[in-house]
>>> print(open('protein15.cif').read())   # mmCIF, C-alpha atoms
data_upload
loop_
_atom_site.label_atom_id
_atom_site.label_comp_id
_atom_site.auth_asym_id
_atom_site.auth_seq_id
_atom_site.Cartn_x
_atom_site.Cartn_y
_atom_site.Cartn_z
CA MET Z 1495 203.11 -111.13 121.16
CA ALA Z 1496 201.12 -108.50 123.05
CA LEU Z 1497 197.36 -108.93 123.51
CA THR Z 1498 195.33 -106.96 120.93
CA ALA Z 1499 191.81 -108.30 121.51
CA ASN Z 1500 189.49 -109.38 124.32
CA ARG Z 1501 189.89 -112.87 125.74
CA ASP Z 1502 188.23 -115.11 128.33
CA LEU Z 1503 190.43 -116.87 130.88
CA ASN Z 1504 189.69 -119.95 132.93
CA ARG Z 1505 190.03 -119.16 136.62
CA TYR Z 1506 189.70 -120.82 140.00
CA VAL Z 1507 186.78 -119.59 142.10
CA ASP Z 1508 187.68 -121.62 145.20
CA GLN Z 1509 191.19 -120.65 146.32
CA GLU Z 1510 191.28 -122.62 149.59
CA LEU Z 1511 192.69 -125.92 148.27
CA ARG Z 1512 195.34 -126.59 145.66
CA SER Z 1513 196.94 -129.84 144.53
CA PHE Z 1514 200.74 -130.19 144.29
CA PRO Z 1515 202.96 -133.05 143.07
CA VAL Z 1516 204.91 -134.67 145.91
CA ALA Z 1517 208.66 -135.33 145.96
CA ALA Z 1518 209.99 -138.88 145.96
CA SER Z 1519 210.27 -140.72 149.29
CA GLU Z 1520 208.04 -138.23 151.13
CA HIS Z 1521 205.28 -139.08 153.61
CA VAL Z 1522 203.19 -135.95 154.18
CA TRP Z 1523 200.94 -136.04 157.24
CA LYS Z 1524 197.63 -134.26 157.47
CA GLY Z 1525 198.21 -130.87 159.11
CA ALA Z 1526 201.91 -130.70 158.21
CA PHE Z 1527 203.52 -127.56 156.84
CA VAL Z 1528 204.53 -128.27 153.26
CA GLY Z 1529 207.29 -126.56 151.32
CA VAL Z 1530 208.47 -126.42 147.74
CA ASP Z 1531 211.96 -127.83 147.21
CA ARG Z 1532 213.49 -124.91 145.30
CA THR Z 1533 215.77 -127.31 143.39
CA THR Z 1534 213.15 -129.73 142.04
CA GLY Z 1535 209.84 -127.85 142.33
CA TYR Z 1536 208.16 -130.78 144.11
CA VAL Z 1537 206.58 -130.37 147.54
CA ARG Z 1538 207.70 -132.10 150.72
CA ASN Z 1539 207.53 -131.80 154.49
CA LEU Z 1540 208.84 -128.27 154.93
CA GLN Z 1541 212.61 -128.02 155.35
CA SER Z 1542 215.03 -125.15 155.85
CA GLU Z 1543 215.04 -122.66 152.94
CA ASP Z 1544 211.93 -124.17 151.30
CA LEU Z 1545 209.23 -121.90 149.87
CA PHE Z 1546 206.08 -122.33 151.98
CA ALA Z 1547 203.33 -123.94 149.87
CA GLY Z 1548 200.54 -124.52 152.42
CA ILE Z 1549 199.21 -126.85 155.11
CA ALA Z 1550 198.38 -130.46 154.22
CA TYR Z 1551 194.63 -131.09 153.91
CA GLU Z 1552 195.26 -134.84 153.83
CA GLU Z 1553 197.86 -137.55 154.42
CA ILE Z 1554 199.78 -138.70 151.36
CA ASP Z 1555 202.41 -141.47 151.45
CA ASN Z 1556 204.93 -141.34 148.60
CA THR Z 1557 207.64 -143.20 150.54
CA ASN Z 1558 208.15 -145.71 147.75
CA GLY Z 1559 207.19 -143.40 144.89
CA SER Z 1560 209.09 -141.19 142.48
CA ASP Z 1561 208.86 -137.43 142.05
CA GLY Z 1562 205.32 -136.38 141.15
CA GLU Z 1563 203.86 -139.90 141.29
CA VAL Z 1564 201.18 -138.68 143.70
CA SER Z 1565 199.81 -135.27 144.62
CA VAL Z 1566 198.67 -133.74 147.90
CA ARG Z 1567 195.97 -131.16 148.50
CA LEU Z 1568 197.04 -128.18 150.58
CA TYR Z 1569 195.23 -125.39 152.34
CA THR Z 1570 196.56 -122.24 150.68
CA GLN Z 1571 194.55 -119.71 152.67
CA GLY Z 1572 192.91 -119.41 156.06
CA ASP Z 1573 193.55 -118.70 159.76
CA PHE Z 1574 194.98 -121.63 161.76
CA VAL Z 1575 195.59 -122.26 165.46
CA LEU Z 1576 199.28 -123.17 165.67
CA THR Z 1577 202.07 -123.65 168.16
CA THR Z 1578 203.84 -120.29 168.00
CA LEU Z 1579 207.09 -119.74 169.87
CA ALA Z 1580 207.82 -116.29 171.35
CA ALA Z 1581 204.18 -115.26 170.92
CA SER Z 1582 203.02 -112.14 172.75
CA GLN Z 1583 200.25 -109.59 172.40
CA ALA Z 1584 202.81 -106.91 171.51
CA LEU Z 1585 203.78 -108.82 168.36
CA LEU Z 1586 200.32 -108.85 166.77
CA GLY Z 1587 200.71 -108.39 163.03
CA SER Z 1588 204.28 -109.69 162.97
CA ALA Z 1589 205.65 -112.08 160.39
CA VAL Z 1590 205.46 -115.77 161.35
CA TYR Z 1591 208.10 -118.33 160.37
CA ALA Z 1592 208.09 -122.12 160.19
CA ILE Z 1593 211.11 -123.85 161.69
CA ASP Z 1594 210.00 -127.35 160.60
CA ASN Z 1595 206.78 -129.00 159.38
CA GLU Z 1596 204.96 -128.37 162.69
CA ILE Z 1597 206.23 -125.40 164.73
CA THR Z 1598 206.11 -121.67 164.02
CA THR Z 1599 208.01 -118.82 165.64
CA LEU Z 1600 208.01 -115.04 165.75
CA LEU Z 1601 211.79 -114.95 166.26
CA PRO Z 1602 213.19 -116.49 163.09
CA SER Z 1603 216.50 -118.32 163.00
CA GLU Z 1604 218.64 -118.78 159.92
CA GLY Z 1605 216.81 -120.92 157.37
CA ALA Z 1606 213.34 -120.38 158.86
CA THR Z 1607 210.60 -120.01 156.24
CA TYR Z 1608 208.14 -117.12 156.12
CA MET Z 1609 204.59 -118.50 156.19
CA GLY Z 1610 202.16 -115.81 157.31
CA VAL Z 1611 201.03 -113.20 159.82
CA PHE Z 1612 200.39 -113.43 163.58
CA MET Z 1613 196.69 -112.58 164.00
CA ALA Z 1614 195.89 -113.31 167.68
CA LEU Z 1615 197.39 -114.60 170.90
CA LEU Z 1616 195.61 -117.61 172.41
CA GLY Z 1617 197.92 -118.27 175.34
CA SER Z 1618 201.48 -119.23 176.10
CA GLY Z 1619 203.04 -120.61 172.94
CA ALA Z 1620 199.83 -120.59 170.89
CA GLY Z 1621 198.38 -118.20 168.36
CA ILE Z 1622 196.24 -117.73 165.27
CA VAL Z 1623 198.30 -117.53 162.08
CA ARG Z 1624 196.97 -116.35 158.72
CA ILE Z 1625 198.92 -118.36 156.15
CA LEU Z 1626 200.31 -116.58 153.10
CA PRO Z 1627 202.00 -119.15 150.85
CA MET Z 1628 204.12 -118.78 147.73
CA GLY Z 1629 204.50 -115.21 146.50
CA SER Z 1630 202.53 -113.58 149.31
CA GLN Z 1631 205.41 -113.11 151.70
CA GLN Z 1632 206.35 -109.74 153.12
CA VAL Z 1633 209.64 -108.46 151.74
CA GLU Z 1634 212.47 -108.45 154.24
CA GLU Z 1635 215.05 -105.67 154.15
CA THR Z 1636 218.52 -105.61 155.70
CA VAL Z 1637 220.70 -102.73 156.81
CA THR Z 1638 224.33 -103.12 157.92
CA VAL Z 1639 226.44 -100.43 159.60
CA ALA Z 1640 229.94 -100.25 161.05
CA ILE Z 1641 230.22 -99.74 164.81
CA SER Z 1642 233.09 -99.10 167.19
CA GLY Z 1643 233.70 -97.88 170.73
CA SER Z 1644 236.00 -95.63 172.71
CA THR Z 1645 237.74 -95.47 176.08
CA SER Z 1646 236.86 -91.79 176.51
CA ALA Z 1647 233.06 -91.82 176.01
CA ALA Z 1648 230.14 -93.80 174.64
CA VAL Z 1649 229.85 -93.71 170.83
CA THR Z 1650 226.47 -93.42 169.09
CA HIS Z 1651 226.12 -94.59 165.47
CA PRO Z 1652 223.20 -93.87 163.08
CA VAL Z 1653 221.63 -97.07 161.74
CA MET Z 1654 218.78 -95.86 159.52
CA ILE Z 1655 215.78 -93.57 159.18
CA PRO Z 1656 212.86 -95.72 157.93
CA GLN Z 1657 210.72 -94.16 155.20
CA ARG Z 1658 207.72 -96.25 156.29
CA ASN Z 1659 206.68 -97.83 159.58
CA ILE Z 1660 208.77 -100.95 160.13
CA ARG Z 1661 209.00 -103.92 162.47
CA VAL Z 1662 212.47 -105.19 163.34
CA ILE Z 1663 212.83 -108.96 162.87
CA SER Z 1664 216.33 -109.64 164.12
CA LEU Z 1665 219.66 -108.01 164.89
CA GLU Z 1666 223.22 -109.36 164.87
CA VAL Z 1667 226.48 -107.79 165.99
CA SER Z 1668 230.10 -108.84 165.56
CA LEU Z 1669 233.44 -107.29 166.55
CA ILE Z 1670 237.07 -107.85 165.63
CA THR Z 1671 238.33 -106.29 168.85
CA ILE Z 1672 236.28 -107.15 171.95
CA PRO Z 1673 236.10 -104.39 174.57
CA ASP Z 1674 237.05 -104.96 178.19
CA GLN Z 1675 233.64 -103.49 179.04
CA GLY Z 1676 230.75 -101.68 177.40
CA ASN Z 1677 227.14 -102.40 176.48
CA LEU Z 1678 225.27 -102.08 173.18
CA ASP Z 1679 221.96 -100.21 173.13
CA VAL Z 1680 219.78 -99.86 170.03
CA GLY Z 1681 216.73 -97.64 169.80
CA THR Z 1682 215.34 -94.25 168.89
CA THR Z 1683 216.10 -91.91 171.82
CA LEU Z 1684 219.29 -89.94 171.24
CA ALA Z 1685 220.35 -89.77 174.89
CA ASP Z 1686 219.63 -93.44 175.63
CA PRO Z 1687 218.60 -95.45 172.54
CA ASP Z 1688 217.47 -98.68 174.22
CA GLU Z 1689 213.93 -99.29 172.91
CA LEU Z 1690 215.01 -102.25 170.74
CA VAL Z 1691 218.09 -103.60 172.57
CA ASN Z 1692 218.93 -102.69 176.15
CA ALA Z 1693 222.39 -103.21 177.72
CA PHE Z 1694 223.76 -106.08 175.62
CA ASN Z 1695 227.20 -106.84 177.09
CA LEU Z 1696 229.76 -106.60 174.26
CA ALA Z 1697 232.54 -107.90 176.50
CA THR Z 1698 230.96 -111.37 176.32
CA LEU Z 1699 231.44 -111.67 172.53
CA SER Z 1700 234.07 -113.72 170.75
CA SER Z 1701 236.11 -112.05 168.02
CA ASN Z 1702 234.58 -112.28 164.53
CA THR Z 1703 231.64 -114.31 165.85
CA PRO Z 1704 228.17 -112.84 165.27
CA ALA Z 1705 225.79 -112.73 168.25
CA ALA Z 1706 222.09 -111.91 168.41
CA PRO Z 1707 221.02 -109.58 171.24
CA ILE Z 1708 217.57 -110.16 172.71
CA LEU Z 1709 215.08 -107.74 171.16
CA ALA Z 1710 212.38 -105.92 173.09
CA SER Z 1711 208.81 -107.20 172.66
CA ASN Z 1712 207.75 -103.98 170.92
CA ARG Z 1713 209.91 -103.79 167.79
CA LYS Z 1714 207.84 -101.35 165.74
CA VAL Z 1715 209.53 -98.12 164.64
CA ASP Z 1716 207.54 -95.32 163.02
CA ALA Z 1717 208.50 -93.70 159.73
CA GLY Z 1718 210.94 -90.82 159.98
CA ILE Z 1719 212.28 -91.82 163.43
CA PRO Z 1720 216.08 -92.38 163.42
CA ILE Z 1721 217.36 -95.70 164.75
CA LEU Z 1722 220.64 -95.45 166.65
CA ALA Z 1723 223.21 -97.88 168.04
CA LYS Z 1724 225.15 -96.79 171.12
CA VAL Z 1725 228.40 -98.53 172.14
CA GLY Z 1726 229.19 -97.98 175.81
CA GLN Z 1727 232.47 -96.58 177.06
CA ALA Z 1728 235.32 -99.06 177.61
CA THR Z 1729 238.09 -98.76 180.21
CA SER Z 1730 241.30 -99.87 178.48
CA THR Z 1731 240.31 -101.75 175.29
CA ALA Z 1732 237.62 -100.29 173.04
CA ALA Z 1733 235.34 -102.19 170.67
CA ASP Z 1734 236.62 -101.99 167.10
CA GLY Z 1735 235.99 -103.47 163.67
CA GLY Z 1736 232.32 -103.98 164.44
CA MET Z 1737 229.32 -104.63 162.21
CA LEU Z 1738 225.66 -104.42 163.16
CA THR Z 1739 223.08 -106.00 160.85
CA MET Z 1740 219.34 -105.43 161.28
CA ARG Z 1741 216.58 -107.28 159.43
CA TYR Z 1742 213.15 -105.66 159.19
CA ILE Z 1743 209.90 -105.54 157.23
CA GLU Z 1744 207.87 -102.52 156.17
CA LEU Z 1745 204.40 -102.48 157.67
CA PRO Z 1746 201.26 -101.81 155.61
#
>>> encode(input="protein15.cif", output="structure tokens")
Amino acid sequence: MALTANRDLNRYVDQELRSFPVAASEHVWKGAFVGVDRTTGYVRNLQSEDLFAGIAYEEIDNTNGSDGEVSVRLYTQGDFVLTTLAASQALLGSAVYAIDNEITTLLPSEGATYMGVFMALLGSGAGIVRILPMGSQQVEETVTVAISGSTSAAVTHPVMIPQRNIRVISLEVSLITIPDQGNLDVGTTLADPDELVNAFNLATLSSNTPAAPILASNRKVDAGIPILAKVGQATSTAADGGMLTMRYIELP
């Protein structure tokens, strides 16, 4: 039934700490990243594919307990100094991912969990992360295009034209037919699109096996700028049956 009159709602003024029921057999350490098991809804030490819930404010031992027998208080907002793999000044503002209950990274692998935004670089492998649990995550988008090569010339393929400023998160490429030679470049300059990926050797791939080229440190692309993928010229066997998949987020 739709609301037809004024009402008063109870609300939380302090949003820093929240209490969550803990899964059975879990021992959560103070300072651990905590995730929601999407199957049960109980929290645990963060595992692959969990929804990030927060950082443990306290230690809670439910090793011998059942689901929900105890609860743990979590930080659900704030800036934290964390171990951050692949951190660099150029990636300020990038999405941060947890790979377990302790370590974060700016180069997510499959199953890594979005947990916040990279706010500052503190040194090699360390940064300030603003946590954004539950429904606060930035939406990831994916674009996939077919690619192929030639023995007569390099072949350039359009990937996308972003409607807003974006930051590329990851890129994967696979081929059915591996070329005898030829590099992959991805970027925004028509003549030599290599701002995102520069000279990735396609001849080193295995058929039907995805590979992830190393991305440049600056992975921001402005709105309205075409992104292109260029497959270098082969000698006798050209790349064929290829797919390039790019993951990205739109920037505010």
>>> residues_around(input="protein15.cif", residues="stretch 1504-1517 of chain Z", least_positions_apart="4", cutoff="9 Å", atoms="only C-alpha atoms", output="VMD selection string")
chain Z and resid 1521 to 1522 1531 1534 to 1538 1547 to 1548 1551 1554 1556 1559 to 1572
>>> resolve_selection(input="protein15.cif", expression="the PyMOL selection byres ((chain Z and resi 1724) around 7)", output="PyMOL selection string")
chain Z and resi 1648-1651+1678-1680+1687+1722-1723+1725-1726
>>> residues_around(input="protein15.cif", residues="Z:Met1613", least_positions_apart="5", cutoff="6 Å", atoms="all atoms listed in the file", output="number ranges by chain")
Z: 1586-1587, 1622-1623
>>> closest_residue(input="protein15.cif", among="Z:Asp1734, Z:Asp1573, Z:Asp1502, Z:Asp1594", to="Z:Gly1529", atoms="only C-alpha atoms")
Z:Asp1594
>>> resolve_selection(input="protein15.cif", expression="the PyMOL selection byres ((chain Z and resi 1706) around 7)", output="PyMOL selection string")
chain Z and resi 1665-1667+1704-1705+1707-1708
>>> resolve_selection(input="protein15.cif", expression="the PyMOL selection byres ((chain Z and resi 1730) around 7)", output="list in words")
Thr1645, Asp1674, Ala1728, Thr1729, Thr1731 and Ala1732 of chain Z
>>> residues_around(input="protein15.cif", residues="Z:Gly1681", least_positions_apart="5", cutoff="12 Å", atoms="all atoms listed in the file", output="PyMOL selection string")
chain Z and resi 1650-1655+1662+1665+1686-1693+1709-1710+1712-1716+1719-1725+1740
>>> atom_distance(input="protein15.cif", atom1="atom CA of Z:Met1609", atom2="atom CA of Z:Ala1592")
6.4 Å
>>> closest_atom_pairs(input="protein15.cif", of="stretch 1580-1674 of chain Z", to="stretch 1694-1698 of chain Z", cutoff="10 Å", atoms="only C-alpha atoms", output="CSV")
residue,atom,partner,partner_atom,distance
Z:Val1667,CA,Z:Leu1696,CA,9.0
Z:Ser1668,CA,Z:Leu1696,CA,9.0
Z:Leu1669,CA,Z:Leu1696,CA,8.6
Z:Thr1671,CA,Z:Ala1697,CA,9.7
Z:Ile1672,CA,Z:Ala1697,CA,5.9
Z:Pro1673,CA,Z:Ala1697,CA,5.4
Z:Asp1674,CA,Z:Ala1697,CA,5.6
>>> atom_distance(input="protein15.cif", atom1="atom CA of Z:Asp1544", atom2="atom CA of Z:Val1575")
21.7 Å
>>> closest_residue(input="protein15.cif", among="Z:Thr1578, Z:Ser1646, Z:Thr1636, Z:Ser1588", to="Z:Ser1618", atoms="only C-alpha atoms")
Z:Thr1578
>>> atom_distance(input="protein15.cif", atom1="atom CA of Z:Glu1635", atom2="atom CA of Z:Tyr1742")
5.4 Å
>>> residues_around(input="protein15.cif", residues="Z:Ile1597", least_positions_apart="3", cutoff="10 Å", atoms="all atoms listed in the file", output="PyMOL selection string")
chain Z and resi 1526-1527+1576-1579+1591-1594
>>> build_atoms(input="protein15.cif", residues="stretch 1521-1539 of chain Z", atoms="N, CA and C atoms", output="compact mmCIF listing (two decimals), keeping the file's coordinate frame")
# COMPACT_ATOMS: atom_id res chain seq x y z
N HIS Z 1521 206.55 -138.74 152.97
CA HIS Z 1521 205.28 -139.08 153.61
C HIS Z 1521 204.77 -137.81 154.27
N VAL Z 1522 203.75 -137.21 153.68
CA VAL Z 1522 203.19 -135.95 154.18
C VAL Z 1522 201.99 -136.26 155.06
N TRP Z 1523 202.03 -135.80 156.30
CA TRP Z 1523 200.94 -136.04 157.24
C TRP Z 1523 199.93 -134.91 157.18
N LYS Z 1524 198.68 -135.26 157.40
CA LYS Z 1524 197.63 -134.26 157.47
C LYS Z 1524 197.99 -133.22 158.54
N GLY Z 1525 197.90 -131.95 158.18
CA GLY Z 1525 198.21 -130.87 159.11
C GLY Z 1525 199.66 -130.42 159.09
N ALA Z 1526 200.50 -131.08 158.28
CA ALA Z 1526 201.91 -130.70 158.21
C ALA Z 1526 202.09 -129.44 157.37
N PHE Z 1527 203.11 -128.66 157.72
CA PHE Z 1527 203.52 -127.56 156.84
C PHE Z 1527 204.28 -128.17 155.66
N VAL Z 1528 203.95 -127.70 154.48
CA VAL Z 1528 204.53 -128.27 153.26
C VAL Z 1528 205.28 -127.17 152.51
N GLY Z 1529 206.47 -127.52 152.04
CA GLY Z 1529 207.29 -126.56 151.32
C GLY Z 1529 207.64 -127.04 149.94
N VAL Z 1530 208.00 -126.10 149.08
CA VAL Z 1530 208.47 -126.42 147.74
C VAL Z 1530 209.99 -126.52 147.78
N ASP Z 1531 210.51 -127.67 147.36
CA ASP Z 1531 211.96 -127.83 147.21
C ASP Z 1531 212.37 -126.93 146.04
N ARG Z 1532 213.15 -125.89 146.33
CA ARG Z 1532 213.49 -124.91 145.30
C ARG Z 1532 214.33 -125.52 144.17
N THR Z 1533 214.95 -126.67 144.41
CA THR Z 1533 215.77 -127.31 143.39
C THR Z 1533 214.93 -128.09 142.40
N THR Z 1534 213.93 -128.84 142.91
CA THR Z 1534 213.15 -129.73 142.04
C THR Z 1534 211.76 -129.20 141.70
N GLY Z 1535 211.20 -128.35 142.55
CA GLY Z 1535 209.84 -127.85 142.33
C GLY Z 1535 208.76 -128.75 142.89
N TYR Z 1536 209.14 -129.90 143.48
CA TYR Z 1536 208.16 -130.78 144.11
C TYR Z 1536 208.00 -130.41 145.58
N VAL Z 1537 206.83 -130.73 146.14
CA VAL Z 1537 206.58 -130.37 147.54
C VAL Z 1537 206.99 -131.51 148.46
N ARG Z 1538 207.26 -131.15 149.71
CA ARG Z 1538 207.70 -132.10 150.72
C ARG Z 1538 207.39 -131.53 152.09
N ASN Z 1539 207.59 -132.35 153.14
CA ASN Z 1539 207.53 -131.80 154.49
C ASN Z 1539 208.51 -130.63 154.55
